[in-house]
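Colleague: See work-v4.cif below, with mmCIF, C-alpha atoms.
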```cif
data_start
loop_
_atom_site.label_atom_id
_atom_site.label_comp_id
_atom_site.auth_asym_id
_atom_site.auth_seq_id
_atom_site.Cartn_x
_atom_site.Cartn_y
_atom_site.Cartn_z
CA MET A 28 36.64 -16.57 -7.57
CA THR A 29 34.54 -15.42 -4.60
CA SER A 30 31.10 -17.03 -4.36
CA VAL A 31 28.06 -14.76 -4.29
CA SER A 32 26.05 -14.82 -1.05
CA SER A 33 22.45 -16.03 -0.99
CA ARG A 34 21.44 -12.52 0.08
CA ALA A 35 23.10 -11.08 -3.02
CA TRP A 36 21.26 -13.56 -5.26
CA ALA A 37 17.99 -12.71 -3.53
CA GLU A 38 18.62 -9.00 -4.02
CA LEU A 39 19.45 -9.52 -7.67
CA VAL A 40 16.25 -11.49 -8.32
CA HIS A 41 14.22 -8.82 -6.51
CA ALA A 42 15.80 -6.20 -8.76
CA GLN A 43 15.19 -8.34 -11.84
CA VAL A 44 11.46 -8.39 -11.11
CA GLY A 45 11.34 -4.62 -10.61
CA VAL A 46 13.28 -3.92 -13.79
CA LEU A 47 11.27 -6.36 -15.94
CA LEU A 48 7.98 -4.78 -14.92
CA ALA A 49 9.28 -1.21 -15.16
CA GLU A 50 10.53 -1.88 -18.69
CA ALA A 51 7.06 -3.18 -19.55
CA GLY A 52 5.56 0.06 -18.17
CA LEU A 53 3.82 -1.75 -15.30
CA PRO A 54 3.66 -0.27 -11.79
CA CYS A 55 5.13 -2.55 -9.13
CA LEU A 56 5.77 -1.99 -5.43
CA HIS A 57 8.20 -4.23 -3.58
CA ILE A 58 6.68 -5.04 -0.18
CA LYS A 59 7.57 -6.97 2.98
CA GLY A 60 11.14 -8.45 3.26
CA PRO A 61 13.62 -5.85 1.99
CA THR A 62 11.37 -2.89 2.75
CA VAL A 63 11.34 -3.86 6.43
CA ALA A 64 14.89 -5.22 6.71
CA THR A 65 16.46 -2.05 5.30
CA TRP A 66 14.29 0.11 7.56
CA LEU A 67 14.03 -1.45 11.03
CA TYR A 68 17.12 -3.67 11.14
CA ASP A 69 20.86 -3.35 10.85
CA GLU A 70 22.60 -4.76 7.82
CA GLY A 71 22.37 -8.57 7.84
CA GLU A 72 20.18 -8.70 10.95
CA ARG A 73 16.96 -9.82 9.22
CA SER A 74 17.07 -12.29 6.35
CA TRP A 75 14.84 -11.95 3.34
CA GLY A 76 14.70 -14.23 0.36
CA ASP A 77 11.29 -14.69 -1.21
CA ILE A 78 9.96 -11.79 -3.22
CA ASP A 79 6.66 -10.02 -2.60
CA ILE A 80 5.34 -7.45 -5.00
CA LEU A 81 2.04 -5.58 -5.06
CA LEU A 82 0.34 -4.68 -8.35
CA PRO A 83 -3.01 -3.16 -9.28
CA PRO A 84 -5.44 -5.88 -10.43
CA SER A 85 -5.58 -4.18 -13.85
CA ALA A 86 -1.86 -4.92 -14.36
CA MET A 87 -1.89 -8.53 -13.16
CA ASP A 88 -2.40 -10.27 -16.50
CA ALA A 89 0.25 -8.22 -18.29
CA ALA A 90 2.70 -8.61 -15.39
CA LEU A 91 2.22 -12.38 -15.30
CA ASP A 92 2.84 -12.54 -19.06
CA VAL A 93 6.11 -10.65 -18.58
CA LEU A 94 7.27 -12.73 -15.61
CA LEU A 95 6.27 -16.11 -17.01
CA SER A 96 8.04 -15.37 -20.29
CA SER A 97 11.14 -14.47 -18.31
CA THR A 98 12.72 -16.70 -15.66
CA PHE A 99 9.65 -17.46 -13.52
CA SER A 100 7.13 -20.31 -13.58
CA LEU A 101 3.79 -20.88 -11.88
CA ARG A 102 4.28 -22.77 -8.64
CA ASP A 103 0.75 -24.16 -8.78
CA GLU A 104 -0.01 -25.11 -12.37
CA GLY A 105 -3.59 -24.29 -13.34
CA LEU A 106 -4.16 -21.76 -10.56
CA ARG A 107 -5.61 -18.44 -11.76
CA TRP A 108 -5.34 -15.25 -9.73
CA ARG A 109 -8.92 -14.20 -10.48
CA THR A 110 -10.45 -17.44 -9.23
CA SER A 111 -8.02 -18.52 -6.52
CA GLU A 112 -8.97 -17.76 -2.95
CA ASP A 113 -5.65 -16.08 -2.23
CA HIS A 114 -4.58 -12.48 -2.34
CA ALA A 115 -1.48 -13.43 -4.32
CA LEU A 116 -0.32 -15.84 -6.98
CA THR A 117 2.96 -17.59 -6.32
CA LEU A 118 5.60 -18.03 -8.99
CA TRP A 119 8.99 -19.52 -8.49
CA HIS A 120 12.31 -18.50 -9.84
CA ASP A 121 12.96 -21.10 -12.53
CA PRO A 122 15.87 -19.75 -14.57
CA HIS A 123 16.09 -22.71 -16.94
CA HIS A 124 12.34 -23.44 -17.19
CA ASP A 125 12.97 -27.01 -16.12
CA ALA A 126 11.31 -26.80 -12.69
CA THR A 127 14.68 -26.69 -10.94
CA TYR A 128 14.22 -24.41 -8.02
CA GLY A 129 16.08 -21.12 -8.42
CA ASN A 130 16.35 -18.32 -5.90
CA GLY A 131 13.08 -18.38 -4.02
CA GLU A 132 9.44 -17.73 -4.64
CA LEU A 133 7.73 -14.64 -5.99
CA ASP A 134 4.35 -13.74 -4.52
CA VAL A 135 2.50 -11.45 -6.90
CA HIS A 136 -0.14 -9.70 -4.76
CA HIS A 137 -3.21 -8.15 -6.35
CA ARG A 138 -4.57 -7.05 -2.97
CA PHE A 139 -3.36 -6.96 0.62
CA PRO A 140 -5.39 -8.69 3.38
CA GLY A 141 -6.77 -6.14 5.82
CA ILE A 142 -7.24 -3.40 3.22
CA ASP A 143 -10.96 -3.25 2.45
CA ALA A 144 -10.80 -0.40 -0.10
CA ASP A 145 -11.16 -1.38 -3.74
CA PRO A 146 -7.78 -2.98 -4.62
CA GLU A 147 -7.33 -0.78 -7.67
CA LEU A 148 -7.90 2.42 -5.65
CA ALA A 149 -5.82 1.14 -2.74
CA PHE A 150 -2.90 0.47 -5.06
CA ALA A 151 -3.27 3.95 -6.58
CA GLU A 152 -2.92 5.51 -3.13
CA LEU A 153 0.12 3.37 -2.23
CA TRP A 154 1.68 4.01 -5.63
CA ARG A 155 1.20 7.77 -5.26
CA ARG A 156 3.21 7.56 -2.06
CA ARG A 157 6.01 5.39 -3.47
CA GLU A 158 9.68 6.10 -2.76
CA PRO A 159 12.68 5.19 -4.91
CA HIS A 160 15.10 2.57 -3.61
CA ARG A 161 18.02 0.63 -5.04
CA LEU A 162 18.42 -3.14 -4.94
CA ALA A 163 21.49 -4.77 -6.45
CA GLY A 164 22.28 -1.43 -8.06
CA TYR A 165 18.90 -1.19 -9.83
CA ASP A 166 16.08 1.28 -9.24
CA VAL A 167 12.94 -0.19 -7.66
CA TRP A 168 9.95 1.29 -5.80
CA PHE A 169 9.20 0.81 -2.10
CA PRO A 170 6.10 2.05 -0.26
CA ASP A 171 6.72 5.18 1.86
CA LEU A 172 7.20 4.73 5.61
CA PRO A 173 3.55 5.12 6.72
CA SER A 174 2.56 2.60 4.02
CA ARG A 175 5.31 0.22 5.15
CA ALA A 176 4.18 0.56 8.75
CA LEU A 177 0.59 -0.23 7.78
CA LEU A 178 1.52 -3.25 5.65
CA LEU A 179 3.81 -4.50 8.43
CA VAL A 180 1.03 -4.39 11.02
CA LEU A 181 -1.51 -5.99 8.67
CA ASN A 182 0.98 -8.74 7.88
CA ALA A 183 1.45 -9.43 11.61
CA ALA A 184 -2.34 -9.51 12.09
CA ARG A 185 -2.63 -12.08 9.32
CA ASP A 186 0.25 -14.19 10.62
CA PRO A 187 0.12 -13.72 14.41
CA TYR A 188 2.44 -16.62 15.17
CA GLY A 189 5.08 -15.80 12.57
CA ALA A 190 8.40 -15.00 14.25
CA LYS A 191 9.47 -12.40 11.68
CA PRO A 192 6.18 -10.46 11.50
CA ARG A 193 6.02 -10.28 15.30
CA GLU A 194 9.59 -9.07 15.65
CA ASP A 195 8.93 -6.51 12.88
CA LEU A 196 5.91 -5.32 14.86
CA ARG A 197 7.84 -5.05 18.12
CA ARG A 198 10.52 -2.97 16.44
CA LEU A 199 7.96 -0.71 14.82
CA LEU A 200 6.20 -0.15 18.14
CA ALA A 201 9.53 0.58 19.81
CA GLY A 202 10.65 3.12 17.22
CA ALA A 203 7.60 4.91 15.80
CA SER A 204 6.67 8.37 17.09
CA ALA A 205 3.17 9.76 17.71
CA ASP A 206 3.38 11.60 14.37
CA ASP A 207 4.38 8.39 12.60
CA TRP A 208 1.28 6.66 14.01
CA ARG A 209 -0.93 9.61 13.07
CA ARG A 210 0.21 9.26 9.45
CA THR A 211 -0.23 5.48 9.47
CA ILE A 212 -3.72 5.76 10.95
CA ASP A 213 -4.67 8.45 8.38
CA LEU A 214 -3.56 6.12 5.61
CA ALA A 215 -5.43 3.17 7.14
CA ARG A 216 -8.56 5.32 7.20
CA ARG A 217 -8.20 6.11 3.50
CA LEU A 218 -7.63 2.44 2.67
CA ARG A 219 -10.38 1.19 5.00
CA ALA A 220 -7.87 -0.81 7.02
CA LEU A 221 -8.42 0.59 10.53
CA ASP A 222 -10.05 -2.60 11.75
CA ALA A 223 -7.10 -4.83 10.84
CA LEU A 224 -4.60 -2.15 11.94
CA ARG A 225 -6.00 -2.14 15.45
CA ALA A 226 -6.19 -5.95 15.52
CA GLY A 227 -2.54 -6.08 14.48
CA VAL A 228 -1.08 -3.56 16.94
CA GLU A 229 -3.01 -5.18 19.77
CA LEU A 230 -1.01 -8.37 19.26
CA GLU A 231 1.63 -6.70 21.40
CA PRO A 232 0.61 -5.80 24.95
CA GLU A 233 2.74 -2.63 24.94
CA SER A 234 0.44 -1.14 22.29
CA GLN A 235 -2.25 -0.35 24.91
CA ASP A 236 -1.16 3.27 25.29
CA LEU A 237 -0.92 3.72 21.55
CA VAL A 238 -4.48 2.48 21.02
CA ALA A 239 -5.84 4.55 23.90
CA SER A 240 -4.17 7.77 22.75
CA THR A 241 -5.10 7.64 19.06
CA ALA A 242 -8.13 7.33 16.79
CA LEU A 243 -7.71 3.55 17.05
CA ALA A 244 -9.52 3.74 20.37
CA ASP A 245 -12.79 4.32 18.48
CA VAL A 246 -12.26 1.49 16.00
CA GLU A 247 -14.22 -1.69 16.48
CA VAL A 248 -12.33 -4.82 15.50
CA SER A 249 -14.47 -7.25 13.51
CA ALA A 250 -15.04 -10.81 14.70
CA ALA A 251 -13.10 -12.13 11.69
CA TRP A 252 -9.97 -10.18 12.66
CA ARG A 253 -10.37 -11.13 16.32
CA LEU A 254 -10.46 -14.78 15.26
CA ARG A 255 -7.50 -14.37 12.94
CA THR A 256 -5.25 -12.71 15.51
CA SER A 257 -6.20 -15.28 18.12
CA GLY A 258 -5.04 -18.05 15.76
CA SER A 259 -8.50 -19.49 15.08
CA THR A 260 -9.10 -21.89 12.17
CA ARG A 261 -9.34 -20.80 8.56
CA THR A 262 -12.91 -22.07 8.42
CA ALA A 263 -13.96 -19.98 11.43
CA VAL A 264 -12.41 -16.84 9.92
CA ARG A 265 -14.13 -17.46 6.59
CA LEU A 266 -17.51 -18.04 8.15
CA GLU A 267 -17.20 -14.70 9.91
CA GLU A 268 -16.08 -13.03 6.69
CA LEU A 269 -19.09 -14.43 4.87
CA ARG A 270 -21.39 -12.44 7.13
CA ARG A 271 -19.95 -9.20 5.77
CA LEU A 272 -20.48 -10.09 2.09
CA GLY A 273 -23.46 -9.25 -0.11
CA PRO A 274 -25.69 -12.08 -1.41
CA LEU A 275 -23.90 -12.50 -4.76
CA ALA A 276 -20.39 -12.38 -3.28
CA LYS A 277 -21.55 -14.74 -0.55
CA ALA A 278 -22.89 -17.26 -3.08
CA ARG A 279 -19.69 -17.03 -5.11
CA ALA A 280 -17.50 -17.53 -2.00
CA VAL A 281 -19.52 -20.52 -0.81
CA ALA A 282 -19.41 -22.12 -4.28
CA GLY A 283 -15.64 -21.69 -4.51
CA TRP A 284 -15.28 -23.04 -1.04
CA VAL A 285 -17.50 -26.10 -1.42
CA VAL A 286 -16.24 -26.99 -4.91
CA PRO A 287 -12.69 -25.65 -5.18
CA SER A 288 -10.80 -26.09 -8.44
CA PRO A 289 -8.30 -28.97 -8.68
CA ALA A 290 -5.53 -26.35 -8.86
CA ILE A 291 -6.46 -25.12 -5.37
CA ILE A 292 -6.46 -28.68 -4.01
CA ARG A 293 -3.00 -29.21 -5.57
CA MET A 294 -1.78 -25.92 -4.09
CA ARG A 295 -2.86 -26.97 -0.58
CA ASP A 296 -1.51 -30.51 -1.01
CA PRO A 297 1.14 -30.91 -3.74
CA ARG A 298 0.79 -34.71 -3.55
CA ALA A 299 -2.64 -34.33 -5.17
CA ALA A 300 -0.86 -33.65 -8.47
CA ASP A 301 0.39 -37.23 -8.71
CA SER A 302 -2.77 -38.90 -10.09
CA ALA A 303 -6.56 -38.65 -10.31
CA TRP A 304 -6.78 -40.89 -7.26
CA ALA A 305 -4.43 -38.61 -5.31
CA LEU A 306 -6.54 -35.62 -6.35
CA ALA A 307 -9.70 -37.33 -5.07
CA ARG A 308 -7.88 -38.00 -1.81
CA GLY A 309 -6.94 -34.31 -1.68
CA TYR A 310 -10.63 -33.34 -2.01
CA ALA A 311 -11.59 -35.84 0.70
CA THR A 312 -8.94 -34.47 3.05
CA ARG A 313 -10.17 -30.96 2.46
CA TYR A 314 -13.80 -31.85 3.17
CA ARG A 315 -12.85 -33.77 6.31
CA GLN A 316 -10.83 -30.79 7.54
CA GLY A 317 -13.69 -28.43 6.69
CA VAL A 318 -16.19 -30.50 8.68
CA ARG A 319 -13.79 -30.76 11.64
CA GLU A 320 -13.21 -26.99 11.68
CA LEU A 321 -16.92 -26.33 11.24
CA ARG A 322 -17.70 -28.42 14.33
CA HIS A 323 -14.98 -26.59 16.23
CA TRP A 324 -16.43 -23.23 15.16
CA VAL A 325 -19.94 -24.25 16.27
CA ARG A 326 -18.57 -25.31 19.66
CA GLU A 327 -16.65 -22.01 19.98
CA ARG A 328 -19.79 -20.01 19.13
CA ARG A 329 -21.85 -21.90 21.68
CA SER A 330 -19.31 -21.39 24.43
CA MET B 17 14.65 19.30 9.35
CA SER B 18 15.03 22.12 6.79
CA ALA B 19 11.70 22.51 5.05
CA LEU B 20 10.66 23.42 1.54
CA VAL B 21 9.58 27.05 1.94
CA THR B 22 7.32 28.09 -0.91
CA ALA B 23 5.71 31.34 -1.95
CA GLY B 24 2.29 29.71 -1.85
CA THR B 25 -0.64 29.63 0.54
CA ALA B 26 -1.56 26.32 2.20
CA LEU B 27 -5.16 25.61 3.14
CA ALA B 28 -6.67 22.58 4.87
CA GLY B 29 -9.85 20.98 3.58
CA PRO B 30 -12.57 19.23 5.56
CA ASP B 31 -10.88 15.83 5.04
CA GLY B 32 -7.69 17.04 6.74
CA THR B 33 -5.58 17.19 3.58
CA ALA B 34 -4.01 20.40 2.31
CA ALA B 35 -3.92 22.32 -0.98
CA LEU B 36 -1.10 24.63 -1.96
CA VAL B 37 -2.28 27.64 -3.94
CA CYS B 38 0.34 29.79 -5.64
CA GLY B 39 1.01 31.94 -8.69
CA ASP B 40 -0.08 35.51 -9.24
CA PRO B 41 -0.08 37.07 -5.69
CA THR B 42 -3.34 39.03 -6.12
CA SER B 43 -5.19 35.99 -7.44
CA THR B 44 -3.69 33.77 -4.72
CA GLU B 45 -4.92 36.08 -1.97
CA ALA B 46 -8.41 36.42 -3.46
CA VAL B 47 -8.87 32.72 -4.17
CA SER B 48 -7.54 31.75 -0.72
CA ALA B 49 -10.04 34.13 0.89
CA ALA B 50 -12.84 32.62 -1.22
CA LEU B 51 -11.79 29.13 -0.12
CA VAL B 52 -11.86 30.17 3.54
CA THR B 53 -15.43 31.42 3.15
CA ARG B 54 -16.26 27.97 1.76
CA GLY B 55 -15.03 26.14 4.86
CA CYS B 56 -11.30 25.71 4.24
CA ARG B 57 -8.84 26.64 6.96
CA LEU B 58 -5.86 28.87 6.25
CA LEU B 59 -2.71 27.07 7.36
CA GLU B 60 0.16 29.25 6.22
CA ASN B 61 1.06 32.03 3.83
CA GLY B 62 4.55 31.24 2.57
CA ALA B 63 3.90 27.57 3.25
CA THR B 64 6.61 25.52 4.93
CA VAL B 65 6.36 22.02 3.47
CA ASP B 66 8.04 19.09 5.26
CA PRO B 67 10.20 17.59 2.46
CA GLY B 68 9.79 14.02 3.72
CA THR B 69 6.07 13.87 4.43
CA LEU B 70 4.88 16.85 2.34
CA GLU B 71 2.91 18.07 5.33
CA VAL B 72 2.14 21.68 6.23
CA SER B 73 1.18 22.01 9.90
CA GLY B 74 0.37 18.29 9.99
CA ALA B 75 -1.83 18.26 6.88
CA GLU B 76 -0.53 16.42 3.82
CA VAL B 77 -0.44 18.49 0.63
CA VAL B 78 -2.33 16.54 -2.03
CA LEU B 79 -3.21 19.35 -4.45
CA LEU B 80 -1.21 22.14 -6.11
CA VAL B 81 -3.01 24.95 -7.92
CA VAL B 82 -0.99 27.50 -9.87
CA LEU B 83 -3.12 30.57 -10.60
CA THR B 84 -2.86 32.93 -13.52
CA PRO B 85 -5.26 35.81 -14.13
CA GLN B 86 -7.24 35.90 -17.33
CA PRO B 87 -9.76 38.46 -18.60
CA ASP B 88 -12.78 36.17 -18.67
CA GLY B 89 -13.89 32.63 -17.99
CA THR B 90 -12.14 29.84 -16.08
CA ALA B 91 -9.76 27.27 -17.54
CA VAL B 92 -8.04 24.32 -15.91
CA ARG B 93 -5.13 22.29 -17.19
CA PRO B 94 -3.59 19.28 -15.41
CA MET B 95 0.16 19.55 -14.88
CA SER B 96 2.62 16.70 -15.35
CA ALA B 97 4.61 15.51 -12.33
CA GLY B 98 7.70 17.30 -13.61
CA GLU B 99 5.81 20.51 -14.22
CA ALA B 100 4.32 20.46 -10.71
CA ALA B 101 7.77 19.84 -9.21
CA TYR B 102 9.21 22.72 -11.22
CA ALA B 103 6.32 25.03 -10.31
CA VAL B 104 7.00 24.50 -6.61
CA GLY B 105 10.79 24.52 -6.89
CA SER B 106 10.82 27.76 -8.83
CA ARG B 107 8.69 29.40 -6.10
CA ALA B 108 10.75 28.05 -3.17
CA THR B 109 13.48 29.77 -1.22
CA GLY B 110 16.58 28.23 0.34
CA LEU B 111 16.30 25.11 -1.80
CA SER B 112 19.89 24.10 -1.13
CA GLU B 113 19.07 23.88 2.60
CA VAL B 114 16.25 21.36 2.16
CA ASP B 115 16.86 18.23 4.16
CA GLY B 116 17.83 15.31 1.93
CA GLY B 117 18.52 17.65 -0.98
CA PRO B 118 16.09 19.66 -3.11
CA LEU B 119 15.68 17.25 -6.02
CA PRO B 120 14.41 14.20 -4.04
CA ALA B 121 11.94 16.49 -2.26
CA LEU B 122 10.72 18.05 -5.51
CA ALA B 123 10.50 14.64 -7.21
CA ARG B 124 8.44 13.39 -4.24
CA PHE B 125 6.19 16.43 -4.63
CA GLY B 126 5.72 15.68 -8.33
CA ARG B 127 4.83 12.03 -7.66
CA ARG B 128 2.43 12.63 -4.80
CA VAL B 129 0.69 15.91 -5.47
CA ARG B 130 -1.82 16.46 -8.29
CA GLY B 131 -1.00 19.75 -9.95
CA PHE B 132 -3.28 22.02 -11.99
CA ALA B 133 -2.80 25.34 -13.77
CA LEU B 134 -5.95 27.38 -13.18
CA SER B 135 -6.77 30.60 -15.01
CA SER B 136 -9.75 32.61 -13.91
CA ALA B 137 -11.11 36.14 -13.81
CA ASP B 138 -13.40 35.38 -10.87
CA PRO B 139 -11.99 34.30 -7.45
CA ASP B 140 -15.29 32.63 -6.48
CA ALA B 141 -15.40 30.58 -9.67
CA ALA B 142 -11.73 29.68 -9.15
CA ALA B 143 -12.41 28.61 -5.55
CA ARG B 144 -15.30 26.39 -6.70
CA GLU B 145 -12.97 24.85 -9.25
CA VAL B 146 -10.27 24.22 -6.59
CA LEU B 147 -12.82 22.43 -4.38
CA ARG B 148 -13.92 20.32 -7.35
CA LEU B 149 -10.31 19.33 -8.08
CA TRP B 150 -9.69 18.61 -4.40
CA ALA B 151 -12.67 16.26 -4.02
#
```
Could you write out this file's structure as structure tokens?

Modeller:
Amino acid sequence: MTSVSSRAWAELVHAQVGVLLAEAGLPCLHIKGPTVATWLYDEGERSWGDIDILLPPSAMDAALDVLLSSTFSLRDEGLRWRTSEDHALTLWHDPHHDATYGNGELDVHHRFPGIDADPELAFAELWRRREPHRLAGYDVWFPDLPSRALLLVLNAARDPYGAKPREDLRRLLAGASADDWRRTIDLARRLRALDALRAGVELEPESQDLVASTALADVEVSAAWRLRTSGSTRTAVRLEELRRLGPLAKARAVAGWVVPSPAIIRMRDPRAADSAWALARGYATRYRQGVRELRHWVRERRS
Amino acid sequence: MSALVTAGTALAGPDGTAALVCGDPTSTEAVSAALVTRGCRLLENGATVDPGTLEVSGAEVVLLVVLTPQPDGTAVRPMSAGEAAYAVGSRATGLSEVDGGPLPALARFGRRVRGFALSSADPDAAAREVLRLWA
């Protein structure tokens, strides 16, 4: 019997997620990996394994119920999507529910970094523009091309040293027409993502003409996105982000930051799950790192 | 690319998006004129819609209004995605020539464009209603 390739397994698990949520009547967009690989690359040229899906926040609880009662488990036990700092909750494919690693991780996104519009409204706009696609012979939904281009650039802005996001960006810049960019910029305007879009395209020096010849020329990139795309520390980015928040959101962010839940400590350092002592060590490591990055940020600001 | 050529009138709004107004020809002409006096820009009569992007002259169609005359008053009814797709398809010419095939283009139209059936005796009242739906 011929063995099934890892790509085929990955495609099948992607399809499984799409079908499970569609059967439950929940909207789900596949994003990143396959949506880029099948668009900007030749067959087999770009690998993709882990699954990324985008949902409206209002569908998160129901979707997690469906996925966790199927063949997925929480990667970080105790972590809750509403209270975690991240834009996504990670599950892993756990076909036998015995914590044996299956075919990759599943990131369930309830928002996308760089999109400042209300996540529910942003999803509605992306969902309106969805396009049908087939994975492993099953029907799934991909974002349309302007949406894919926007998410690709925002992903590169968030991960400026990632090899795949940067190559994706180079290929997009090489292939997209002026009309393609007009549509992507229009969408970014609707989703309040112009700031991160400009920060992302400017990662590549050849984007100078693009920025100069489009509405991006009038967009001011925030300090937080400048720091992010220049590879600054997480603490520095967060301090800049704090400045943009209202008093209540600011207080909430600081509280979550200073006293994170044990689940967040375990997510950052899986060894912290071993014992109470290991958890305390995890907190200590986090505080030490925070202080170090804070000092670095102060020095950067002064210089 | 072979476009979706419809028997409707496309107008651009202040936000750069487009509305496609179709249905009874007399009502379509009167309501389109009323929309132009309210700041909309006439793009095309017999609108040529790009089947991939749903753009008319670079403006994305986000609203479909199918007009029917009625003796008095104004009534609006939201259309389902399938109904909106059918309303456009049944008013299009050369469907078999549409790039990528007619059905994917019409399905895309149904997913992306909000459709409304609008009955009105008064073009001005109908135009006000179109602007309200567009907002």

Colleague: Leaving out region 106-122 of chain B and any residue of its chain fewer than 5 positions from it, which residues lie within 12 Å of it when counting all atoms listed in the file, given as number ranges by chain?

Modeller: A: 158-160; B: 17-25, 36-41, 62-71, 82, 97-101, 127-129

Colleague: Restricting the calculation to all atoms listed in the file, which member of A:Arg185, A:Arg156, A:Lys277, A:Arg107 is positioned closest to chain B?

Modeller: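 Of all the options, A:Arg156 lies closest to chain B.
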
Colleague: Select, from B:Leu83, B:Leu134, B:Val77, B:Val104, the residue with the minimum atom-to-atom distance to chain A, counting all atoms listed in the file.

Modeller: B:Val77

Colleague: Translate the PyMOL selection byres ((chain A and resi 164-170) around 8) into a concrete residue list for this structure, as a ChimeraX atom specification.

Modeller: /A:42,45-46,55-58,62,153-154,156-163,171-172,174-175

Colleague: Name all residues at most 9 Å from Pro85 (chain B) (count all atoms listed in the file; drop same-chain ones fewer than 2 positions away) and give them as a list of chain:residue names.

Modeller: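 With the cut-off at 9 Å, the set is B:Asp40, B:Thr42, B:Ser43, B:Leu83, B:Pro87, B:Asp88, B:Leu134, B:Ser135, B:Ser136, B:Ala137, B:Asp138.
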
Colleague: Apply the PyMOL selection byres ((chain A and resi 292) around 12) to the structure shown and report the selected residues as a PDB file with C-alpha atoms, keeping the file's coordinate frame.

Modeller:
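Once written, result10.pdb looks like this:
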```pdb
ATOM      1  CA  ASP A 103       0.750 -24.160  -8.780  1.00  0.00           C
ATOM      2  CA  GLU A 104      -0.010 -25.110 -12.370  1.00  0.00           C
ATOM      3  CA  GLY A 105      -3.590 -24.290 -13.340  1.00  0.00           C
ATOM      4  CA  LEU A 106      -4.160 -21.760 -10.560  1.00  0.00           C
ATOM      5  CA  SER A 111      -8.020 -18.520  -6.520  1.00  0.00           C
ATOM      6  CA  GLU A 112      -8.970 -17.760  -2.950  1.00  0.00           C
ATOM      7  CA  GLY A 283     -15.640 -21.690  -4.510  1.00  0.00           C
ATOM      8  CA  TRP A 284     -15.280 -23.040  -1.040  1.00  0.00           C
ATOM      9  CA  VAL A 285     -17.500 -26.100  -1.420  1.00  0.00           C
ATOM     10  CA  VAL A 286     -16.240 -26.990  -4.910  1.00  0.00           C
ATOM     11  CA  PRO A 287     -12.690 -25.650  -5.180  1.00  0.00           C
ATOM     12  CA  SER A 288     -10.800 -26.090  -8.440  1.00  0.00           C
ATOM     13  CA  PRO A 289      -8.300 -28.970  -8.680  1.00  0.00           C
ATOM     14  CA  ALA A 290      -5.530 -26.350  -8.860  1.00  0.00           C
ATOM     15  CA  ILE A 291      -6.460 -25.120  -5.370  1.00  0.00           C
ATOM     16  CA  ARG A 293      -3.000 -29.210  -5.570  1.00  0.00           C
ATOM     17  CA  MET A 294      -1.780 -25.920  -4.090  1.00  0.00           C
ATOM     18  CA  ARG A 295      -2.860 -26.970  -0.580  1.00  0.00           C
ATOM     19  CA  ASP A 296      -1.510 -30.510  -1.010  1.00  0.00           C
ATOM     20  CA  PRO A 297       1.140 -30.910  -3.740  1.00  0.00           C
ATOM     21  CA  ARG A 298       0.790 -34.710  -3.550  1.00  0.00           C
ATOM     22  CA  ALA A 299      -2.640 -34.330  -5.170  1.00  0.00           C
ATOM     23  CA  ALA A 300      -0.860 -33.650  -8.470  1.00  0.00           C
ATOM     24  CA  ASP A 301       0.390 -37.230  -8.710  1.00  0.00           C
ATOM     25  CA  ALA A 303      -6.560 -38.650 -10.310  1.00  0.00           C
ATOM     26  CA  ALA A 305      -4.430 -38.610  -5.310  1.00  0.00           C
ATOM     27  CA  LEU A 306      -6.540 -35.620  -6.350  1.00  0.00           C
ATOM     28  CA  ALA A 307      -9.700 -37.330  -5.070  1.00  0.00           C
ATOM     29  CA  ARG A 308      -7.880 -38.000  -1.810  1.00  0.00           C
ATOM     30  CA  GLY A 309      -6.940 -34.310  -1.680  1.00  0.00           C
ATOM     31  CA  TYR A 310     -10.630 -33.340  -2.010  1.00  0.00           C
ATOM     32  CA  ALA A 311     -11.590 -35.840   0.700  1.00  0.00           C
ATOM     33  CA  THR A 312      -8.940 -34.470   3.050  1.00  0.00           C
ATOM     34  CA  ARG A 313     -10.170 -30.960   2.460  1.00  0.00           C
ATOM     35  CA  TYR A 314     -13.800 -31.850   3.170  1.00  0.00           C
TER      36      TYR A 314
END
```

Colleague: Pull out every residue that the PyMOL selection byres ((chain B and resi 151) around 12) matches in the shown coordinates and put them as a ChimeraX atom specification.

Modeller: /B:29-35,78-79,130,144-150

Colleague: Work out how far apart CA of Gly105 (chain B) and CA of Phe125 (chain B) are and give it in Å to one decimal.

Modeller: 9.6 Å

Colleague: How far is it from CA of Arg315 (chain A) to CA of Arg261 (chain A), in Å with one decimal?

Modeller: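 Distance between the two atoms: 13.6 Å.
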
Colleague: For Tyr188 (chain A), list every protein, DNA or RNA residue within 12 Å, evaluated using all atoms listed in the file, and leave out those in the same chain fewer than 5 positions away; present the list as a ChimeraX atom specification.

Modeller: /A:182-183,193-194,196,227,230-231,255-259

Colleague: Please measure the separation of CA of Leu179 (chain A) and CA of Glu268 (chain A), giving the value in Å to one decimal.

Modeller: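 Result for CA of Leu179 (chain A) versus CA of Glu268 (chain A): 21.7 Å, one decimal.
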
Colleague: Looking at A:Glu50, A:Glu132, A:Asp206, A:Glu320, which one is nearest to chain B, with distances taken over only C-alpha atoms?

Modeller: A:Asp206

Colleague: Adding 6 Å on each side of the box along x, y and z that holds all listed atoms of region 181-197 of chain A, could you give its centre and edge lengths in Å to one decimal, as lines of an AutoDock Vina configuration file?

Modeller:
```
center_x = 3.5
center_y = -10.8
center_z = 13.0
size_x = 24.2
size_y = 23.6
size_z = 22.2
```

Colleague: Pick the closest to Ala75 (chain B) from B:Ala142, B:Glu60, B:Thr44, B:Met95: which is it, counting only C-alpha atoms?

Modeller: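 Result for the nearest residue to Ala75 (chain B): B:Glu60.
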